[in-house]
Every structure is written in C-alpha cells, then in structure tokens.
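Below is one structure, written out as structure tokens; the observations come after it.
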Amino acid sequence: MLVLTRKSGERLLIGDDIVLTVLDTRGDGVRIGIDAPKGVRIQREEIVRAVTESNVAASQATLDDENRIKAALGLAPAAAIVGPIVAVDSPVEDASST
C-alpha cells in the first residue's frame with residue numbers, strides 16, 4: 001500500500017485516466033473527488049460489505065420464509081404460513097348423526 005500525505009486541492013494520478021483530488025479535510029474525515037472513465041466501477045467498501053452480508057443472509061432463508069413469500073404471492077395456500085394445528089377440547093359433532 002502506498003501511503004501519501006496530500007493537502008486540499010492536491011491530486012493523485014492513477015494510470016493515464018484516473019485522477020483523485022483532495023477536496024477538503026474536516027476533523028478525521030477527508031473529502032475526495034474521483035475523475036475516472038464511466039467503465040471504471042467505484043464503490044465504497046462498507047457498502048459492498050453490507051450488500052454481501054445481506055445477500056448471504058438472504059441465501060440462508062428458511063422453509064418458513066419461502067412459504068410466507070409464496071403465500072404473499074398467491075402461489076401457496078395461506079395455511080402454509082400458519083403455525084401448528086392446535087387440538088380443541090370439545091368433541092366435533094358428526095353432521096350425519098342429526
């Protein structure tokens with residue numbers, strides 16, 4: 001890693017087509033301007049990390065999560081998201097005996 005000290009307004013050249021400009025320093029923060037071709041992806045590391053962690057969590061979805069999504073989309077009966085069946089203490093009457 002190359003470590004440099006730069007003052008506000010000073011620039012760094014990377015290759016022939018990328019320019020980093022120190023715009024401002026405030027407390028423990030530095031504002032940097034980046035001039036690069038449109039084809040060069042520039043991403044903040046903490047955002048890439050957060051998206052990666054979110055994708056990993058989404059890939060570990062449970063069967064219950066899948067059933068809820070299917071029910072919300074109308075692809076599975078709503079009963080698929082209901083919890084366990086609870087027994088009722090009163091006996092069920094047979095309609096044919098009346």
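Following the order of the structure tokens, chains are lettered A, B, ..., residues in each are numbered from 1, and ligands are numbered from 1.
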Using DSSP on the backbone, list every residue of region 44-83 of chain A that comes out as alpha helix (DSSP H), and give them as an MDAnalysis selection string.
chainID A and resid 45:59 63:72
Could those residues be written to a file, using N, CA and C atoms, as an mmCIF file, in the first residue's frame?
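Writing the result to part25.cif gives the following:
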data_model
loop_
_atom_site.group_PDB
_atom_site.id
_atom_site.type_symbol
_atom_site.label_atom_id
_atom_site.label_comp_id
_atom_site.auth_asym_id
_atom_site.auth_seq_id
_atom_site.Cartn_x
_atom_site.Cartn_y
_atom_site.Cartn_z
ATOM 1 N N GLU A 45 -16.239 0.582 0.190
ATOM 2 C CA GLU A 45 -16.023 -0.754 0.731
ATOM 3 C C GLU A 45 -17.109 -1.156 1.717
ATOM 4 N N GLU A 46 -17.546 -0.250 2.575
ATOM 5 C CA GLU A 46 -18.554 -0.607 3.582
ATOM 6 C C GLU A 46 -19.909 -0.935 2.943
ATOM 7 N N ILE A 47 -20.217 -0.332 1.806
ATOM 8 C CA ILE A 47 -21.463 -0.638 1.101
ATOM 9 C C ILE A 47 -21.369 -2.024 0.455
ATOM 10 N N VAL A 48 -20.238 -2.327 -0.166
ATOM 11 C CA VAL A 48 -20.041 -3.643 -0.780
ATOM 12 C C VAL A 48 -20.145 -4.727 0.293
ATOM 13 N N ARG A 49 -19.533 -4.482 1.461
ATOM 14 C CA ARG A 49 -19.582 -5.453 2.550
ATOM 15 C C ARG A 49 -21.009 -5.660 3.042
ATOM 16 N N ALA A 50 -21.770 -4.577 3.219
ATOM 17 C CA ALA A 50 -23.154 -4.680 3.691
ATOM 18 C C ALA A 50 -24.032 -5.439 2.700
ATOM 19 N N VAL A 51 -23.863 -5.175 1.419
ATOM 20 C CA VAL A 51 -24.651 -5.871 0.393
ATOM 21 C C VAL A 51 -24.290 -7.359 0.383
ATOM 22 N N THR A 52 -23.012 -7.670 0.501
ATOM 23 C CA THR A 52 -22.576 -9.063 0.532
ATOM 24 C C THR A 52 -23.169 -9.795 1.725
ATOM 25 N N GLU A 53 -23.124 -9.170 2.907
ATOM 26 C CA GLU A 53 -23.695 -9.784 4.106
ATOM 27 C C GLU A 53 -25.196 -9.989 3.962
ATOM 28 N N SER A 54 -25.884 -9.031 3.360
ATOM 29 C CA SER A 54 -27.319 -9.142 3.144
ATOM 30 C C SER A 54 -27.637 -10.282 2.178
ATOM 31 N N ASN A 55 -26.840 -10.412 1.135
ATOM 32 C CA ASN A 55 -27.044 -11.497 0.171
ATOM 33 C C ASN A 55 -26.821 -12.863 0.809
ATOM 34 N N VAL A 56 -25.818 -12.973 1.666
ATOM 35 C CA VAL A 56 -25.555 -14.237 2.360
ATOM 36 C C VAL A 56 -26.726 -14.572 3.264
ATOM 37 N N ALA A 57 -27.236 -13.578 4.011
ATOM 38 C CA ALA A 57 -28.375 -13.816 4.903
ATOM 39 C C ALA A 57 -29.610 -14.234 4.102
ATOM 40 N N ALA A 58 -29.828 -13.623 2.957
ATOM 41 C CA ALA A 58 -30.991 -13.963 2.138
ATOM 42 C C ALA A 58 -30.872 -15.370 1.557
ATOM 43 N N SER A 59 -29.664 -15.800 1.286
ATOM 44 C CA SER A 59 -29.480 -17.138 0.724
ATOM 45 C C SER A 59 -29.689 -18.224 1.769
ATOM 46 N N LEU A 63 -37.419 -22.589 5.284
ATOM 47 C CA LEU A 63 -38.600 -23.061 4.572
ATOM 48 C C LEU A 63 -39.801 -22.197 4.938
ATOM 49 N N ASP A 64 -39.871 -21.768 6.202
ATOM 50 C CA ASP A 64 -40.962 -20.898 6.637
ATOM 51 C C ASP A 64 -40.949 -19.580 5.858
ATOM 52 N N ASP A 65 -39.746 -19.024 5.634
ATOM 53 C CA ASP A 65 -39.625 -17.792 4.843
ATOM 54 C C ASP A 65 -40.133 -18.025 3.422
ATOM 55 N N GLU A 66 -39.766 -19.153 2.851
ATOM 56 C CA GLU A 66 -40.203 -19.483 1.489
ATOM 57 C C GLU A 66 -41.721 -19.596 1.425
ATOM 58 N N ASN A 67 -42.322 -20.252 2.409
ATOM 59 C CA ASN A 67 -43.779 -20.406 2.426
ATOM 60 C C ASN A 67 -44.476 -19.060 2.565
ATOM 61 N N ARG A 68 -43.930 -18.174 3.379
ATOM 62 C CA ARG A 68 -44.531 -16.835 3.540
ATOM 63 C C ARG A 68 -44.476 -16.051 2.240
ATOM 64 N N ILE A 69 -43.371 -16.149 1.539
ATOM 65 C CA ILE A 69 -43.247 -15.442 0.262
ATOM 66 C C ILE A 69 -44.233 -16.010 -0.749
ATOM 67 N N LYS A 70 -44.330 -17.340 -0.822
ATOM 68 C CA LYS A 70 -45.263 -17.968 -1.752
ATOM 69 C C LYS A 70 -46.699 -17.576 -1.420
ATOM 70 N N ALA A 71 -47.053 -17.556 -0.134
ATOM 71 C CA ALA A 71 -48.404 -17.168 0.262
ATOM 72 C C ALA A 71 -48.677 -15.708 -0.104
ATOM 73 N N ALA A 72 -47.701 -14.847 0.095
ATOM 74 C CA ALA A 72 -47.869 -13.432 -0.243
ATOM 75 C C ALA A 72 -48.063 -13.230 -1.740
#
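You will find CA of Arg41 (chain A) at 29.9 Å from CA of Ala61 (chain A).
Around Leu23 (chain A), within 9 Å and counting only C-alpha atoms, the residues found are Lys7, Ser8, Gly9, Glu10, Val30, Arg31, Ile32 and Gly33 of chain A, once anything fewer than 4 positions away on its own chain is removed.
The gap separating CA of Leu12 (chain A) from CA of Ala36 (chain A) is 12.0 Å, in Å to one decimal.
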